[in-house]
Amino acid sequence: MSGSLPENTTSSSAVPAATSSTGSTPLSSSLTSVPGKIPAVVSAGPGDLPVELTCRPTGLVVLTGLDITYNAVHRAIWDSFSANRRPDRVPLNFKILPGDHEYPKCRSKQRTSYEWYIPKGILKTSWMKKHLDEVPSLVVVFFDLDWDEQLWTEHKLECASKVEVVRSSLQGRGSKVAVVLIQKNAPLPPGEDVVAAERAAALCAACELSAKSLFVLPCVDHLLGYTIRLENAFYELAQGYYHTEARRVKAHKEFLNRTTHQLLFVRHAFKIAFFNELKQDTHLALKQYKMAYSHITELRAHDTNMLELKTIAGFINYKICRLCFYHNTPLDAISQFRKHVDLFKSKIGCAELAFEHSAWMSKQFSIFGDLFDDAIKLGLTAIQTQHPGFYYQQAANHAIARKQLCRGLCHAATSMPASDPLEEKDDLEFYGQRPWRQGHQSIDPPDPQMEKEGILALQFLESQVDHSWIIIPLLSSAVAQFKKYKSARMKRHLMVQMGEEYYHAKDYSKALTLLGRVTWDYRLERWWPLLTSILVTSLRCAYLVASVEEYVSICLELLGRYSQSSPDEKTRVQMNLIRVMSNNSPEPEPGCSPDVIDSAKQLWKAKMSEQEASKTFRVEMRNLVPFVECKARFSQSMFTADSLVTVEVYIRSSCQFPIRFSKLAIHLSNQAYNTHCVITGGQPLVSPDGATIAEGDTEGDLYLMPGQIKLHTFQFVVLPEDVSSKIEITSVALYLGDEATRCAMLWWQGGGSDAASHTNVLEPSTQRRGPPLEGEIVWETIKIGAMTNIQSRPAKVNIDLDHQAPCLVNEIYPIKITITNNEEGAIIQPSLSLGLQEGSDPNLDLTTQVSLESNKFDQVSLPSRIKGITLGTTKAATSVEKTMYVRCTQLGSRNLSVKISYNVEVKVGPQTIPVTCTCHQDVQVQLQAVMPFDVSIKLASLKFEPIDHVNAEETFLLLTDIKCTSPWQIDLDNSELTLSGQVTAGNGSLQSQIKNVSLKESEHAGECLCLQAPVKHQSGLISLGSYTLEWRRKAFASSLPLVKTILPLPEVTLQEVPMSIDTNIPAFGLVRSPLPVTFTIHNRTGIVQTVEANVEPSEAFMFSGHKQVFFRILPSNSECLSYNLYPLLPGYVRLPKLHLSTPCAPTMTQDVADKMMPSHIYIKPLGKELILDKQ
């Protein structure tokens, strides 16, 4: 028993032929996908690879003793081995077989000498399949047996007998044998179960097994984990088997000599490499494959063994290239393949079978292309100059060469020889040998007659091959690769080859479709010879499938100016075109095989007799380079509503003979004009008796001579709905044929450009000498003009605006509008629109108001523009006046427009067609709005000192300053102060101080108003109210209403002070004259305040009164302090300072008290006269 894996788990089945593997790998699949069962199919074609060669070799492990049909435990074990085999599991191929299954017999006596042995071939066809799918590396016997089984001895002998049966069925092969005991209970850790160890040793002795070949599989949870561990052990045993087999084959080399055993050197090296692949030693396998390839290059090649050498060389080359890609050494793979091709490309072999060599070469390139593509899918990076497309292309080229050789060599092989030398071609003993001389290695064939018959049989088989269906897939693969790596020209070249192969394969519809896809690119790059060749092939296809539309389109192009066809060929094509458009069958195309012409004639006959609902089909000219060219344009880039629109259409034909068209139609963006832009030729393509029209018969407008330019002109009157818009030529249609029988509508988009017009930017103009003759039209100078603008008829009215700019913000600004009719007759239904210009800034739209009445601005919300103002019919040479009032509520510049629209009847064209035109006239003016004045509002104390807050119940001043900024003189009619409920007037009335004041630019006016703060209010910001000015421009004093400008007063902070001080003092004093002063101190709190007052001495005054005094003030009461001051000095002197101390009101600081009392007073000096009088 293995000590390392006592609890491993495995599964098996008793049903024969049940297999499980990590997946098979066909040639086109992933290089790293896992292998599987190999079908018993050997490809016999030159260069084809057998499936057992292309799959990934994995070791075969046979499981016996599992009954997956009736035993659920065994079924679960098998499922754990077979189901969901991920790539990370060991690469093994599991198969369920019965214990007595007969394996392939082994040679009873191993060869010990090769002295007299002559090999019959290099590699047997059954050898790889035998070691992949028949000969196991390991046979695993599953047996249900627990360590505590009561009948242990009987079960031990039974297990030993099953192992012996397996050994006898292997018939002496070196395959390894292992035993797995399926147990119900989980095993104990190693060393703790003494009984298990003793019985395991006894079982190994009875079965003649080593301890490493006995395993225990407990059927408990985590079965998959046990299975994976068991797989790893099987993998080691399988590797040991294949290592032994490789060494056994290697031991044979010492018996070989290079004179007679050269084939064996190749065979043994290949076998050793294959065993190493089964062992998963890919590096050693690659080394042995390279050695085998080296040996095969040393073999002498002759006609009898050439196919075998190339077949085995292809096998080995495939293995080498595949392993190089697998090892991520693509350069080695490419180098090996190039060496392989260079070595064998000249070894053609039998000349009568040269097509086999081309087939083998094609297969070599195709196989390598597949390997290269698989490596790219797995992450290899290719480049534009080295990718699988080149190998697919070469494979297709060799396949084409094979087809050509077949046509030259196989025409005599019309039937299979009676002896059928290829009867055993699917039952060859060695790869690459001829069925009629298997095992023959001499230079000369053993039976020359049989050799001839064999060659004839191979030629007959080759003649039955449709080579096109071999070439087309190769070309398709190459096209996909060149498209992937952005090689556009190579892709198109290969697509043309594919189309030709479809033609040879008689799939004309696909050939026509494929060739049609590349013609546009050849037109774009101007490869006219190539395009002509493709069109000739396409024309044959269109004829053979009786496609009328395609046939006509190709004929149009083959007759074109860039076609490289001969004049005779163009004449034939033109005659066939006329036949088809006359509903007759065309003549057969040259180059078509006779066997398909008859069927094509029947198709054309049926096509011409069909009763189709619509016999007119459209041909897109922009995708072709046809023989007829068309250029359409408007004669001018702009037309007015009172003029005729003129469309000019130029047509030129470049076919061999004159041709007549039946109809010309111009389609415009407004379909109402289409009826004015139609010409009907009036002549059929053929006369009633079936003959074509003579060349000299030039009646009709649409009879075109070769090389001559014909001009057709159309005119029409503009419809009112198209005024101020564009008219566009959407398409031009030229009809070829009769619409009653069969008609092709040649359709140009826009102004008539075709495919050559889109691409001939660098095309030189026709060389001319001197200027064109009078009346001569030069085609190159005609420019397509597919679009024109239709503008309204110019208005013949004059709009004058009379106003005095700039406008003042919020004023009612009048603009006088005078409209003068300069038309020859009366204007009908004139409509006026005025106001802010359309499309202006939305903010301007909200701040601009327009009205025709000046007294409506304060009543309703007015718009920024008024439309549809009717003026009534205005006679010629008369005027109409309107006044527009504008109010701008915000600074800035804005554009105002005045637009008038009216109808007038005019005569158009030489036929004087009466047309009613709508005319528009628009006048714009830029209006600048400026401020009429600049108002500054400030707050000050009674001492005229600026303040930023007020105290409750205190009086303060409101100062206004009005500066006139208007260039026009303005009248201030009145001013009004609207107070909020939080403040009151200080003196009880607020009369205007600037009433009827007139200001010029830069002049000022001001007011000083006394206000009082509220008695009780919560501290914080308070609103004072608003300030209103009524004004107007002096020039508009009598005609327009006043303008009210409302200005918000500033908000001020209200502070609550515990005490306030009022000072009663004269405005000035006199030196040495008494100056009475009274300080009244108010208690504004709800408590009794204790106050200490003292007066600071001053050198400028003597005073009488309490210098220091203590007193109490009841709530809401006051206390008066009276002093008599005696000024000593004249001038603006400082008053004695009163100091207050309020212990119960700490916020009443000295700074607060100082602001409530005056600090200085003006003292007048004594006059001299007064002093003399006293003396």
# chains A, B, ... in the order shown; residues from 1 in each chain; ligands from 1
call {"tool": "residues_around", "arguments": {"residues": "region 945-960 of chain A", "least_positions_apart": "3", "cutoff": "8 Å", "atoms": "only C-alpha atoms", "output": "compact mmCIF listing (two decimals) with N, CA and C atoms, in the first residue's frame"}}
result
# COMPACT_ATOMS: atom_id res chain seq x y z
N VAL A 935 -27.18 107.91 -6.08
CA VAL A 935 -27.68 108.30 -4.76
C VAL A 935 -26.83 107.63 -3.70
N SER A 936 -26.32 108.45 -2.79
CA SER A 936 -25.54 107.93 -1.67
C SER A 936 -26.31 108.24 -0.38
N ILE A 937 -26.57 107.26 0.46
CA ILE A 937 -27.32 107.40 1.71
C ILE A 937 -26.42 106.99 2.86
N LYS A 938 -26.29 107.91 3.88
CA LYS A 938 -25.43 107.64 5.01
C LYS A 938 -26.19 107.93 6.30
N LEU A 939 -25.72 107.34 7.40
CA LEU A 939 -26.26 107.58 8.75
C LEU A 939 -25.22 108.33 9.57
N ALA A 940 -25.70 109.27 10.39
CA ALA A 940 -24.77 110.06 11.21
C ALA A 940 -25.42 110.34 12.57
N SER A 941 -24.58 110.59 13.53
CA SER A 941 -25.09 110.98 14.85
C SER A 941 -25.48 112.45 14.81
N LEU A 942 -26.02 112.94 15.93
CA LEU A 942 -26.41 114.35 15.97
C LEU A 942 -25.18 115.26 15.89
N GLY A 986 -37.85 112.11 13.64
CA GLY A 986 -37.35 112.75 14.85
C GLY A 986 -38.12 114.01 15.21
N GLY A 1006 -29.01 117.24 -1.95
CA GLY A 1006 -29.00 116.38 -0.78
C GLY A 1006 -30.07 116.76 0.23
N GLU A 1007 -30.34 115.83 1.16
CA GLU A 1007 -31.30 116.03 2.23
C GLU A 1007 -30.71 115.55 3.53
N CYS A 1008 -31.18 116.16 4.64
CA CYS A 1008 -30.77 115.72 5.98
C CYS A 1008 -32.05 115.52 6.78
N LEU A 1009 -32.29 114.31 7.20
CA LEU A 1009 -33.53 113.95 7.87
C LEU A 1009 -33.21 113.38 9.24
N CYS A 1010 -34.03 113.75 10.24
CA CYS A 1010 -33.81 113.30 11.62
C CYS A 1010 -34.75 112.15 11.91
N LEU A 1011 -34.16 111.05 12.41
CA LEU A 1011 -34.94 109.85 12.72
C LEU A 1011 -34.64 109.43 14.14
N GLN A 1012 -35.59 108.68 14.70
CA GLN A 1012 -35.41 108.19 16.06
C GLN A 1012 -35.62 106.69 16.09
N ALA A 1013 -34.71 106.04 16.83
CA ALA A 1013 -34.78 104.59 16.94
C ALA A 1013 -35.95 104.20 17.83
N PRO A 1014 -36.44 103.00 17.71
CA PRO A 1014 -37.58 102.56 18.53
C PRO A 1014 -37.21 102.47 20.00
N VAL A 1015 -38.27 102.51 20.82
CA VAL A 1015 -38.07 102.47 22.28
C VAL A 1015 -37.62 101.10 22.71
N LYS A 1016 -38.33 100.08 22.37
CA LYS A 1016 -37.99 98.72 22.78
C LYS A 1016 -37.97 97.84 21.53
N HIS A 1017 -36.89 97.22 21.36
CA HIS A 1017 -36.78 96.34 20.18
C HIS A 1017 -35.66 95.34 20.46
N VAL A 1052 -29.57 98.99 9.71
CA VAL A 1052 -28.66 99.45 10.75
C VAL A 1052 -28.81 98.56 11.97
N THR A 1053 -27.73 98.44 12.70
CA THR A 1053 -27.75 97.60 13.91
C THR A 1053 -28.27 98.43 15.09
N LEU A 1054 -29.24 97.89 15.79
CA LEU A 1054 -29.83 98.54 16.97
C LEU A 1054 -29.23 97.95 18.23
N GLN A 1055 -28.73 98.81 19.10
CA GLN A 1055 -28.13 98.35 20.35
C GLN A 1055 -28.97 98.83 21.53
N GLU A 1056 -29.13 97.95 22.50
CA GLU A 1056 -29.83 98.29 23.75
C GLU A 1056 -28.79 98.78 24.77
N VAL A 1057 -28.92 100.06 25.24
CA VAL A 1057 -28.00 100.59 26.27
C VAL A 1057 -28.80 100.78 27.56
call {"tool": "select_by_dssp", "arguments": {"residues": "region 163-218 of chain A", "states": "helix (DSSP H, G or I)", "output": "PyMOL selection string"}}
result
chain A and resi 163-170+194-207+211-213
call {"tool": "atom_distance", "arguments": {"atom1": "CA of Glu277 (chain A)", "atom2": "CA of Leu66 (chain A)"}}
result
29.1 Å
call {"tool": "closest_residue", "arguments": {"among": "A:Val930, A:Leu474, A:Leu494, A:Ala505", "to": "Ala399 (chain A)", "atoms": "only C-alpha atoms"}}
result
A:Leu474
call {"tool": "residues_around", "arguments": {"residues": "Gly314 (chain A)", "least_positions_apart": "2", "cutoff": "10 Å", "atoms": "only C-alpha atoms", "output": "list of chain:residue names"}}
result
A:Pro46, A:Gly47, A:Asp48, A:Leu49, A:Tyr293, A:Glu308, A:Leu309, A:Lys310, A:Thr311, A:Ile312, A:Ile316, A:Asn317, A:Tyr318, A:Lys319, A:Ile320, A:Phe337, A:His340, A:Val341, A:Phe344, A:Trp360, A:Met361, A:Lys363, A:Gln364, A:Ile367
call {"tool": "residues_around", "arguments": {"residues": "region 704-718 of chain A", "least_positions_apart": "5", "cutoff": "9 Å", "atoms": "only C-alpha atoms", "output": "PDB file with N, CA, C and O atoms, in the first residue's frame"}}
result
ATOM      1  N   PHE A 639     -31.505  83.394 -55.466  1.00  0.00           N
ATOM      2  CA  PHE A 639     -32.603  83.959 -56.246  1.00  0.00           C
ATOM      3  C   PHE A 639     -33.522  84.714 -55.291  1.00  0.00           C
ATOM      4  O   PHE A 639     -33.625  84.366 -54.109  1.00  0.00           O
ATOM      5  N   THR A 640     -34.189  85.739 -55.851  1.00  0.00           N
ATOM      6  CA  THR A 640     -35.189  86.452 -55.065  1.00  0.00           C
ATOM      7  C   THR A 640     -36.573  85.925 -55.412  1.00  0.00           C
ATOM      8  O   THR A 640     -36.763  85.237 -56.433  1.00  0.00           O
ATOM      9  N   ALA A 641     -37.522  86.252 -54.563  1.00  0.00           N
ATOM     10  CA  ALA A 641     -38.862  85.704 -54.736  1.00  0.00           C
ATOM     11  C   ALA A 641     -39.547  86.219 -55.992  1.00  0.00           C
ATOM     12  O   ALA A 641     -40.514  85.609 -56.463  1.00  0.00           O
ATOM     13  N   ASP A 642     -39.105  87.312 -56.565  1.00  0.00           N
ATOM     14  CA  ASP A 642     -39.747  87.861 -57.755  1.00  0.00           C
ATOM     15  C   ASP A 642     -38.977  87.541 -59.028  1.00  0.00           C
ATOM     16  O   ASP A 642     -39.144  88.221 -60.048  1.00  0.00           O
ATOM     17  N   SER A 643     -38.116  86.503 -58.968  1.00  0.00           N
ATOM     18  CA  SER A 643     -37.365  86.101 -60.154  1.00  0.00           C
ATOM     19  C   SER A 643     -37.599  84.622 -60.437  1.00  0.00           C
ATOM     20  O   SER A 643     -38.022  83.861 -59.557  1.00  0.00           O
ATOM     21  N   LEU A 644     -37.333  84.191 -61.679  1.00  0.00           N
ATOM     22  CA  LEU A 644     -37.473  82.788 -62.066  1.00  0.00           C
ATOM     23  C   LEU A 644     -36.218  82.013 -61.657  1.00  0.00           C
ATOM     24  O   LEU A 644     -35.092  82.471 -61.913  1.00  0.00           O
ATOM     25  N   VAL A 645     -36.406  80.853 -61.042  1.00  0.00           N
ATOM     26  CA  VAL A 645     -35.288  79.987 -60.682  1.00  0.00           C
ATOM     27  C   VAL A 645     -34.911  79.170 -61.904  1.00  0.00           C
ATOM     28  O   VAL A 645     -35.775  78.534 -62.533  1.00  0.00           O
ATOM     29  N   THR A 646     -33.635  79.160 -62.249  1.00  0.00           N
ATOM     30  CA  THR A 646     -33.151  78.471 -63.451  1.00  0.00           C
ATOM     31  C   THR A 646     -32.243  77.316 -63.046  1.00  0.00           C
ATOM     32  O   THR A 646     -31.300  77.497 -62.275  1.00  0.00           O
ATOM     33  N   VAL A 647     -32.552  76.113 -63.563  1.00  0.00           N
ATOM     34  CA  VAL A 647     -31.746  74.916 -63.336  1.00  0.00           C
ATOM     35  C   VAL A 647     -31.154  74.495 -64.670  1.00  0.00           C
ATOM     36  O   VAL A 647     -31.885  74.357 -65.665  1.00  0.00           O
ATOM     37  N   GLU A 648     -29.839  74.288 -64.701  1.00  0.00           N
ATOM     38  CA  GLU A 648     -29.145  73.862 -65.908  1.00  0.00           C
ATOM     39  C   GLU A 648     -28.637  72.445 -65.725  1.00  0.00           C
ATOM     40  O   GLU A 648     -28.026  72.122 -64.702  1.00  0.00           O
ATOM     41  N   VAL A 649     -28.895  71.580 -66.706  1.00  0.00           N
ATOM     42  CA  VAL A 649     -28.460  70.182 -66.672  1.00  0.00           C
ATOM     43  C   VAL A 649     -27.603  69.934 -67.905  1.00  0.00           C
ATOM     44  O   VAL A 649     -28.060  70.121 -69.049  1.00  0.00           O
ATOM     45  N   TYR A 650     -26.341  69.515 -67.688  1.00  0.00           N
ATOM     46  CA  TYR A 650     -25.409  69.196 -68.758  1.00  0.00           C
ATOM     47  C   TYR A 650     -25.255  67.684 -68.823  1.00  0.00           C
ATOM     48  O   TYR A 650     -25.029  67.018 -67.795  1.00  0.00           O
ATOM     49  N   ILE A 651     -25.354  67.112 -70.026  1.00  0.00           N
ATOM     50  CA  ILE A 651     -25.247  65.666 -70.218  1.00  0.00           C
ATOM     51  C   ILE A 651     -24.220  65.412 -71.305  1.00  0.00           C
ATOM     52  O   ILE A 651     -24.201  66.097 -72.348  1.00  0.00           O
ATOM     53  N   ARG A 652     -23.335  64.404 -71.063  1.00  0.00           N
ATOM     54  CA  ARG A 652     -22.324  64.029 -72.050  1.00  0.00           C
ATOM     55  C   ARG A 652     -22.240  62.514 -72.121  1.00  0.00           C
ATOM     56  O   ARG A 652     -22.271  61.832 -71.090  1.00  0.00           O
ATOM     57  N   SER A 653     -22.148  61.970 -73.311  1.00  0.00           N
ATOM     58  CA  SER A 653     -22.049  60.528 -73.531  1.00  0.00           C
ATOM     59  C   SER A 653     -20.679  60.207 -74.103  1.00  0.00           C
ATOM     60  O   SER A 653     -20.130  60.964 -74.910  1.00  0.00           O
ATOM     61  N   SER A 654     -20.105  59.052 -73.675  1.00  0.00           N
ATOM     62  CA  SER A 654     -18.792  58.626 -74.170  1.00  0.00           C
ATOM     63  C   SER A 654     -18.843  57.237 -74.779  1.00  0.00           C
ATOM     64  O   SER A 654     -17.823  56.570 -74.868  1.00  0.00           O
ATOM     65  N   CYS A 655     -20.032  56.748 -75.172  1.00  0.00           N
ATOM     66  CA  CYS A 655     -20.128  55.419 -75.781  1.00  0.00           C
ATOM     67  C   CYS A 655     -19.722  55.490 -77.252  1.00  0.00           C
ATOM     68  O   CYS A 655     -19.440  56.565 -77.803  1.00  0.00           O
ATOM     69  N   GLN A 656     -19.752  54.341 -77.933  1.00  0.00           N
ATOM     70  CA  GLN A 656     -19.245  54.280 -79.296  1.00  0.00           C
ATOM     71  C   GLN A 656     -20.180  54.939 -80.299  1.00  0.00           C
ATOM     72  O   GLN A 656     -19.740  55.577 -81.244  1.00  0.00           O
ATOM     73  N   PHE A 657     -21.482  54.774 -80.097  1.00  0.00           N
ATOM     74  CA  PHE A 657     -22.463  55.257 -81.052  1.00  0.00           C
ATOM     75  C   PHE A 657     -23.474  56.137 -80.340  1.00  0.00           C
ATOM     76  O   PHE A 657     -23.601  56.079 -79.116  1.00  0.00           O
ATOM     77  N   PRO A 658     -24.236  56.942 -81.102  1.00  0.00           N
ATOM     78  CA  PRO A 658     -25.266  57.764 -80.462  1.00  0.00           C
ATOM     79  C   PRO A 658     -26.290  56.891 -79.744  1.00  0.00           C
ATOM     80  O   PRO A 658     -26.527  55.740 -80.122  1.00  0.00           O
ATOM     81  N   ILE A 659     -26.875  57.458 -78.730  1.00  0.00           N
ATOM     82  CA  ILE A 659     -27.860  56.724 -77.943  1.00  0.00           C
ATOM     83  C   ILE A 659     -28.964  57.689 -77.544  1.00  0.00           C
ATOM     84  O   ILE A 659     -28.738  58.885 -77.352  1.00  0.00           O
ATOM     85  N   ARG A 660     -30.173  57.158 -77.480  1.00  0.00           N
ATOM     86  CA  ARG A 660     -31.321  57.990 -77.160  1.00  0.00           C
ATOM     87  C   ARG A 660     -31.868  57.587 -75.792  1.00  0.00           C
ATOM     88  O   ARG A 660     -32.042  56.398 -75.499  1.00  0.00           O
ATOM     89  N   PHE A 661     -32.123  58.592 -74.988  1.00  0.00           N
ATOM     90  CA  PHE A 661     -32.773  58.383 -73.697  1.00  0.00           C
ATOM     91  C   PHE A 661     -34.222  58.843 -73.808  1.00  0.00           C
ATOM     92  O   PHE A 661     -34.561  59.712 -74.636  1.00  0.00           O
ATOM     93  N   TYR A 673     -41.990  71.403 -57.478  1.00  0.00           N
ATOM     94  CA  TYR A 673     -41.292  71.908 -58.654  1.00  0.00           C
ATOM     95  C   TYR A 673     -40.955  70.810 -59.656  1.00  0.00           C
ATOM     96  O   TYR A 673     -40.529  71.109 -60.770  1.00  0.00           O
ATOM     97  N   HIS A 676     -42.096  70.796 -63.271  1.00  0.00           N
ATOM     98  CA  HIS A 676     -41.521  71.801 -64.159  1.00  0.00           C
ATOM     99  C   HIS A 676     -40.149  71.400 -64.685  1.00  0.00           C
ATOM    100  O   HIS A 676     -39.595  72.113 -65.527  1.00  0.00           O
ATOM    101  N   CYS A 677     -39.609  70.283 -64.172  1.00  0.00           N
ATOM    102  CA  CYS A 677     -38.233  69.902 -64.503  1.00  0.00           C
ATOM    103  C   CYS A 677     -38.197  68.521 -65.129  1.00  0.00           C
ATOM    104  O   CYS A 677     -37.478  67.618 -64.665  1.00  0.00           O
ATOM    105  N   VAL A 678     -38.996  68.287 -66.126  1.00  0.00           N
ATOM    106  CA  VAL A 678     -39.073  66.994 -66.811  1.00  0.00           C
ATOM    107  C   VAL A 678     -39.006  67.235 -68.307  1.00  0.00           C
ATOM    108  O   VAL A 678     -39.655  68.153 -68.837  1.00  0.00           O
ATOM    109  N   ILE A 679     -38.225  66.403 -69.008  1.00  0.00           N
ATOM    110  CA  ILE A 679     -38.184  66.409 -70.470  1.00  0.00           C
ATOM    111  C   ILE A 679     -38.391  64.977 -70.929  1.00  0.00           C
ATOM    112  O   ILE A 679     -37.755  64.044 -70.422  1.00  0.00           O
ATOM    113  N   GLU A 695     -28.212  56.717 -87.282  1.00  0.00           N
ATOM    114  CA  GLU A 695     -27.343  57.693 -86.617  1.00  0.00           C
ATOM    115  C   GLU A 695     -27.718  59.122 -86.944  1.00  0.00           C
ATOM    116  O   GLU A 695     -27.618  60.014 -86.114  1.00  0.00           O
ATOM    117  N   THR A 698     -31.810  62.695 -85.481  1.00  0.00           N
ATOM    118  CA  THR A 698     -31.489  63.403 -84.246  1.00  0.00           C
ATOM    119  C   THR A 698     -32.695  64.109 -83.666  1.00  0.00           C
ATOM    120  O   THR A 698     -32.541  65.051 -82.902  1.00  0.00           O
ATOM    121  N   VAL A 723     -39.566  80.860 -49.559  1.00  0.00           N
ATOM    122  CA  VAL A 723     -38.846  82.110 -49.372  1.00  0.00           C
ATOM    123  C   VAL A 723     -38.089  82.064 -48.043  1.00  0.00           C
ATOM    124  O   VAL A 723     -38.586  81.536 -47.043  1.00  0.00           O
ATOM    125  N   ILE A 777     -18.852  74.671 -74.791  1.00  0.00           N
ATOM    126  CA  ILE A 777     -18.943  74.321 -73.368  1.00  0.00           C
ATOM    127  C   ILE A 777     -17.766  73.414 -73.019  1.00  0.00           C
ATOM    128  O   ILE A 777     -17.581  72.360 -73.648  1.00  0.00           O
ATOM    129  N   VAL A 778     -16.991  73.810 -72.043  1.00  0.00           N
ATOM    130  CA  VAL A 778     -15.867  72.987 -71.563  1.00  0.00           C
ATOM    131  C   VAL A 778     -16.348  72.215 -70.343  1.00  0.00           C
ATOM    132  O   VAL A 778     -16.716  72.809 -69.321  1.00  0.00           O
ATOM    133  N   TRP A 779     -16.369  70.900 -70.453  1.00  0.00           N
ATOM    134  CA  TRP A 779     -16.948  70.059 -69.395  1.00  0.00           C
ATOM    135  C   TRP A 779     -16.243  70.244 -68.064  1.00  0.00           C
ATOM    136  O   TRP A 779     -16.859  70.279 -67.007  1.00  0.00           O
ATOM    137  N   ILE A 790     -33.125  81.072 -51.517  1.00  0.00           N
ATOM    138  CA  ILE A 790     -34.260  81.878 -51.971  1.00  0.00           C
ATOM    139  C   ILE A 790     -34.478  82.969 -50.946  1.00  0.00           C
ATOM    140  O   ILE A 790     -34.798  82.687 -49.779  1.00  0.00           O
ATOM    141  N   VAL A 908     -43.542  88.618 -62.965  1.00  0.00           N
ATOM    142  CA  VAL A 908     -42.315  87.823 -63.010  1.00  0.00           C
ATOM    143  C   VAL A 908     -42.158  87.242 -64.394  1.00  0.00           C
ATOM    144  O   VAL A 908     -43.120  86.706 -64.976  1.00  0.00           O
ATOM    145  N   GLY A 909     -40.927  87.304 -64.920  1.00  0.00           N
ATOM    146  CA  GLY A 909     -40.592  86.641 -66.168  1.00  0.00           C
ATOM    147  C   GLY A 909     -41.100  87.368 -67.386  1.00  0.00           C
ATOM    148  O   GLY A 909     -41.856  88.338 -67.312  1.00  0.00           O
ATOM    149  N   ILE A 913     -45.932  86.933 -65.302  1.00  0.00           N
ATOM    150  CA  ILE A 913     -46.791  86.154 -64.410  1.00  0.00           C
ATOM    151  C   ILE A 913     -47.002  86.954 -63.130  1.00  0.00           C
ATOM    152  O   ILE A 913     -46.037  87.360 -62.475  1.00  0.00           O
ATOM    153  N   VAL A 915     -47.353  87.685 -59.416  1.00  0.00           N
ATOM    154  CA  VAL A 915     -46.928  86.965 -58.211  1.00  0.00           C
ATOM    155  C   VAL A 915     -47.038  87.918 -57.031  1.00  0.00           C
ATOM    156  O   VAL A 915     -46.611  89.083 -57.118  1.00  0.00           O
TER     157      VAL A 915
END
call {"tool": "select_by_dssp", "arguments": {"residues": "region 41-223 of chain A", "states": "strand (DSSP E or B)", "output": "VMD selection string"}}
result
chain A and resid 59 to 64 92 to 96 124 138 to 144 176 to 183 214 to 218
call {"tool": "residues_around", "arguments": {"residues": "Ile1061 (chain A)", "least_positions_apart": "5", "cutoff": "8 Å", "atoms": "only C-alpha atoms", "output": "PyMOL selection string"}}
result
chain A and resi 1079-1082+1153+1156-1157
call {"tool": "write_last_selection", "arguments": {"atoms": "N, CA, C and O atoms", "output": "CSV table (one decimal), in the first residue's frame"}}
result
chain,number,residue,atom,x,y,z
A,1079,PHE,N,-27.3,118.0,32.1
A,1079,PHE,CA,-27.1,116.6,31.6
A,1079,PHE,C,-28.3,115.8,32.2
A,1079,PHE,O,-28.5,115.8,33.4
A,1080,THR,N,-29.1,115.3,31.4
A,1080,THR,CA,-30.3,114.4,31.8
A,1080,THR,C,-29.9,113.0,31.6
A,1080,THR,O,-29.7,112.6,30.4
A,1081,ILE,N,-29.9,112.2,32.7
A,1081,ILE,CA,-29.5,110.8,32.6
A,1081,ILE,C,-30.7,109.9,32.7
A,1081,ILE,O,-31.5,110.1,33.8
A,1082,HIS,N,-31.0,109.1,31.8
A,1082,HIS,CA,-32.2,108.3,31.8
A,1082,HIS,C,-31.9,106.8,32.1
A,1082,HIS,O,-30.9,106.3,31.5
A,1153,ALA,N,-20.7,106.5,27.1
A,1153,ALA,CA,-21.2,107.7,27.6
A,1153,ALA,C,-20.7,108.9,26.8
A,1153,ALA,O,-21.4,109.9,26.6
A,1156,MET,N,-22.5,109.9,23.8
A,1156,MET,CA,-23.8,110.6,24.0
A,1156,MET,C,-23.7,112.1,24.3
A,1156,MET,O,-24.7,112.8,24.3
A,1157,MET,N,-22.5,112.5,24.6
A,1157,MET,CA,-22.4,113.9,25.1
A,1157,MET,C,-21.4,114.7,24.2
A,1157,MET,O,-20.5,114.1,23.6
call {"tool": "residues_around", "arguments": {"residues": "region 827-841 of chain A", "least_positions_apart": "3", "cutoff": "8 Å", "atoms": "only C-alpha atoms", "output": "PyMOL selection string"}}
result
chain A and resi 821+823+844-845+848+850+864-876+884+886+894-904+924
call {"tool": "residues_around", "arguments": {"residues": "region 130-143 of chain A", "least_positions_apart": "2", "cutoff": "6 Å", "atoms": "only C-alpha atoms", "output": "count of residues only"}}
result
19
